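Asks: One structure coming up, written as structure tokens, with questions to follow.
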Amino acid sequence: MTTYKYKIAIHNQTFPIFIRRHKRARRIVLRYQPLRGAIGLTLPRHATIRQGLDFIASKEAWIAGEVLHHRHKIPFADGTVLPILGTQYTLCHAGGRGTVTVQDNKILVHGDVAFMARRVGDWIKRTAYETISELAHLYAKKLNVVIKKISLRDTGSHWGSCNTEGRLSFSWRLAFAPREILEYVVCHEVAHLLEMNHSKAFWQIVASICPHWQSSRKWLKQQGNKLYLYGA
């Protein structure tokens, strides 16, 4: 169950606190959620809400740093350098007719400059979808499971999700992560088609098709919020 009624004020700005309990959590986990402009707090069974709020208060300086960091957005504009699946590309407004083409390490965006950001965003989402879809079906074949549908969203708290009907959903912002990170997230969600939990059996399945899952999981926890900086 998620609680929304708590808030915290930092530097004259108020942030709602999204609280949830997780039966497998071993400690209190705090995350800044830039898309929501909110604080996410995960509590283990034994922790009280008061303990969680006290933990947030003790991390006020860290939260302020995260908020300040995420104010410096990176726009889809001429000259911007974007990491796409581990490769650095420079956005270039090319003018003329057409939409987006790639030449060496340049993403050439054609048409009126007023439509540049939207066209870049559409191209990134298509690229993410094609890569994710290819990987998901590859892993599904290895695990002998069936995927019903794959969709992309701009999620604020989860990089991917899976339901019992075989529908997978992913954040399109994974396109800004190194390829091995995206591979891990896709592998993670496909593995849920066999185990809808995070049991030992689940992680064994993940490890069988994604040997680097531990380092990738750690990267997401430490650097995942950087993926929200792109596309102001």
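In the structure tokens, each chain is lettered A, B, ... as it comes, each chain's residues begin at 1, and ligands are numbered from 1 in order of appearance.
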Quick one: pick out all strand (DSSP E) residues within stretch 22-176 of chain A from a backbone DSSP run and write them as a PyMOL selection string.
Replies: chain A and resi 29-33+38-43+81-84+87-93+100-103+106-109+149-153+160-162+167-171
Asks: Compile the contact shell of A:Thr90 as a tab-separated table (two decimals) with all heavy atoms, in the first residue's frame: residues with an atom at most 7 Å away, counting only C-alpha atoms, same-chain residues fewer than 6 positions apart removed.
Replies:
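Okay, result06.tsv is ready:
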chain	number	residue	atom	x	y	z
A	79	GLY	N	23.69	20.25	-31.05
A	79	GLY	CA	24.97	20.23	-30.34
A	79	GLY	C	24.99	19.38	-29.09
A	79	GLY	O	26.06	19.09	-28.55
A	80	THR	N	23.83	18.95	-28.61
A	80	THR	CA	23.78	18.11	-27.41
A	80	THR	C	24.38	16.74	-27.70
A	80	THR	O	24.14	16.16	-28.76
A	80	THR	CB	22.33	17.94	-26.94
A	80	THR	OG1	21.81	19.21	-26.52
A	80	THR	CG2	22.25	16.97	-25.76
A	81	VAL	N	25.16	16.24	-26.76
A	81	VAL	CA	25.72	14.89	-26.88
A	81	VAL	C	24.90	13.94	-26.02
A	81	VAL	O	24.70	14.18	-24.83
A	81	VAL	CB	27.20	14.86	-26.44
A	81	VAL	CG1	27.74	13.43	-26.51
A	81	VAL	CG2	28.04	15.79	-27.32
A	82	LEU	N	24.39	12.89	-26.64
A	82	LEU	CA	23.56	11.91	-25.95
A	82	LEU	C	24.22	10.54	-25.95
A	82	LEU	O	24.74	10.10	-26.98
A	82	LEU	CB	22.19	11.78	-26.63
A	82	LEU	CG	21.27	12.99	-26.66
A	82	LEU	CD1	20.01	12.64	-27.43
A	82	LEU	CD2	20.92	13.43	-25.24
A	105	ASN	N	28.77	9.17	-35.84
A	105	ASN	CA	28.31	9.41	-34.47
A	105	ASN	C	27.48	10.68	-34.37
A	105	ASN	O	27.48	11.36	-33.34
A	105	ASN	CB	29.50	9.48	-33.50
A	105	ASN	CG	30.13	8.12	-33.27
A	105	ASN	OD1	30.90	7.65	-34.08
A	105	ASN	ND2	29.78	7.49	-32.17
A	106	LYS	N	26.76	10.97	-35.44
A	106	LYS	CA	25.88	12.13	-35.46
A	106	LYS	C	24.44	11.71	-35.72
A	106	LYS	O	24.20	10.85	-36.56
A	106	LYS	CB	26.33	13.13	-36.53
A	106	LYS	CG	27.69	13.75	-36.27
A	106	LYS	CD	28.05	14.74	-37.38
A	106	LYS	CE	29.41	15.38	-37.10
A	106	LYS	NZ	29.79	16.35	-38.17
A	107	ILE	N	23.52	12.31	-34.98
A	107	ILE	CA	22.10	12.11	-35.24
A	107	ILE	C	21.62	13.37	-35.95
A	107	ILE	O	21.57	14.45	-35.37
A	107	ILE	CB	21.31	11.91	-33.92
A	107	ILE	CG1	21.81	10.65	-33.19
A	107	ILE	CG2	19.82	11.81	-34.20
A	107	ILE	CD1	21.20	10.44	-31.83
Asks: What's the separation between atom CA of A:Val206 and atom CA of A:Ala191, in Å to one decimal place?
Replies: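 A separation of 6.1 Å between them.
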Asks: Using only C-alpha atoms, which protein or nucleic acid residues come within 10 Å of A:Lys226? Drop anything in the same chain fewer than 4 positions from it, and give the result as a PDB file with N, CA, C and O atoms, in the first residue's frame.
Replies:
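After the write, around_9.pdb holds the following:
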ATOM      1  N   PRO A  34      12.536  12.007  -9.801  1.00  0.00           N
ATOM      2  CA  PRO A  34      12.503  13.293 -10.507  1.00  0.00           C
ATOM      3  C   PRO A  34      11.277  13.520 -11.369  1.00  0.00           C
ATOM      4  O   PRO A  34      10.815  14.652 -11.504  1.00  0.00           O
ATOM      5  N   GLU A  66      20.271  15.939  -4.844  1.00  0.00           N
ATOM      6  CA  GLU A  66      19.604  15.276  -5.962  1.00  0.00           C
ATOM      7  C   GLU A  66      18.671  16.239  -6.702  1.00  0.00           C
ATOM      8  O   GLU A  66      18.633  16.270  -7.928  1.00  0.00           O
ATOM      9  N   HIS A  69      20.750  18.645  -8.700  1.00  0.00           N
ATOM     10  CA  HIS A  69      21.356  17.951  -9.843  1.00  0.00           C
ATOM     11  C   HIS A  69      20.366  17.797 -10.989  1.00  0.00           C
ATOM     12  O   HIS A  69      20.697  17.992 -12.154  1.00  0.00           O
ATOM     13  N   HIS A  70      19.119  17.479 -10.655  1.00  0.00           N
ATOM     14  CA  HIS A  70      18.120  17.217 -11.688  1.00  0.00           C
ATOM     15  C   HIS A  70      17.473  18.482 -12.250  1.00  0.00           C
ATOM     16  O   HIS A  70      16.634  18.398 -13.141  1.00  0.00           O
ATOM     17  N   LYS A  73      18.767  19.964 -16.650  1.00  0.00           N
ATOM     18  CA  LYS A  73      18.313  19.036 -17.678  1.00  0.00           C
ATOM     19  C   LYS A  73      19.166  19.160 -18.942  1.00  0.00           C
ATOM     20  O   LYS A  73      19.768  20.196 -19.217  1.00  0.00           O
ATOM     21  N   ARG A 173      13.694   5.427 -21.255  1.00  0.00           N
ATOM     22  CA  ARG A 173      14.935   6.074 -20.855  1.00  0.00           C
ATOM     23  C   ARG A 173      16.096   5.094 -20.690  1.00  0.00           C
ATOM     24  O   ARG A 173      17.257   5.511 -20.548  1.00  0.00           O
ATOM     25  N   PHE A 176      19.338   5.500 -22.703  1.00  0.00           N
ATOM     26  CA  PHE A 176      20.485   6.320 -22.316  1.00  0.00           C
ATOM     27  C   PHE A 176      21.490   5.554 -21.470  1.00  0.00           C
ATOM     28  O   PHE A 176      22.547   6.090 -21.122  1.00  0.00           O
ATOM     29  N   ALA A 177      21.166   4.334 -21.115  1.00  0.00           N
ATOM     30  CA  ALA A 177      22.057   3.505 -20.303  1.00  0.00           C
ATOM     31  C   ALA A 177      22.971   2.684 -21.210  1.00  0.00           C
ATOM     32  O   ALA A 177      22.670   2.456 -22.384  1.00  0.00           O
ATOM     33  N   LEU A 220      22.291   0.513 -11.842  1.00  0.00           N
ATOM     34  CA  LEU A 220      20.980   1.165 -11.848  1.00  0.00           C
ATOM     35  C   LEU A 220      20.672   1.827 -10.509  1.00  0.00           C
ATOM     36  O   LEU A 220      20.114   2.927 -10.462  1.00  0.00           O
ATOM     37  N   GLN A 222      22.827   2.982  -8.368  1.00  0.00           N
ATOM     38  CA  GLN A 222      23.736   4.090  -8.096  1.00  0.00           C
ATOM     39  C   GLN A 222      23.612   5.226  -9.113  1.00  0.00           C
ATOM     40  O   GLN A 222      23.780   6.399  -8.766  1.00  0.00           O
ATOM     41  N   TYR A 230      17.809  13.605 -19.323  1.00  0.00           N
ATOM     42  CA  TYR A 230      17.726  13.866 -20.760  1.00  0.00           C
ATOM     43  C   TYR A 230      16.310  14.169 -21.225  1.00  0.00           C
ATOM     44  O   TYR A 230      15.355  13.560 -20.774  1.00  0.00           O
TER      45      TYR A 230
END
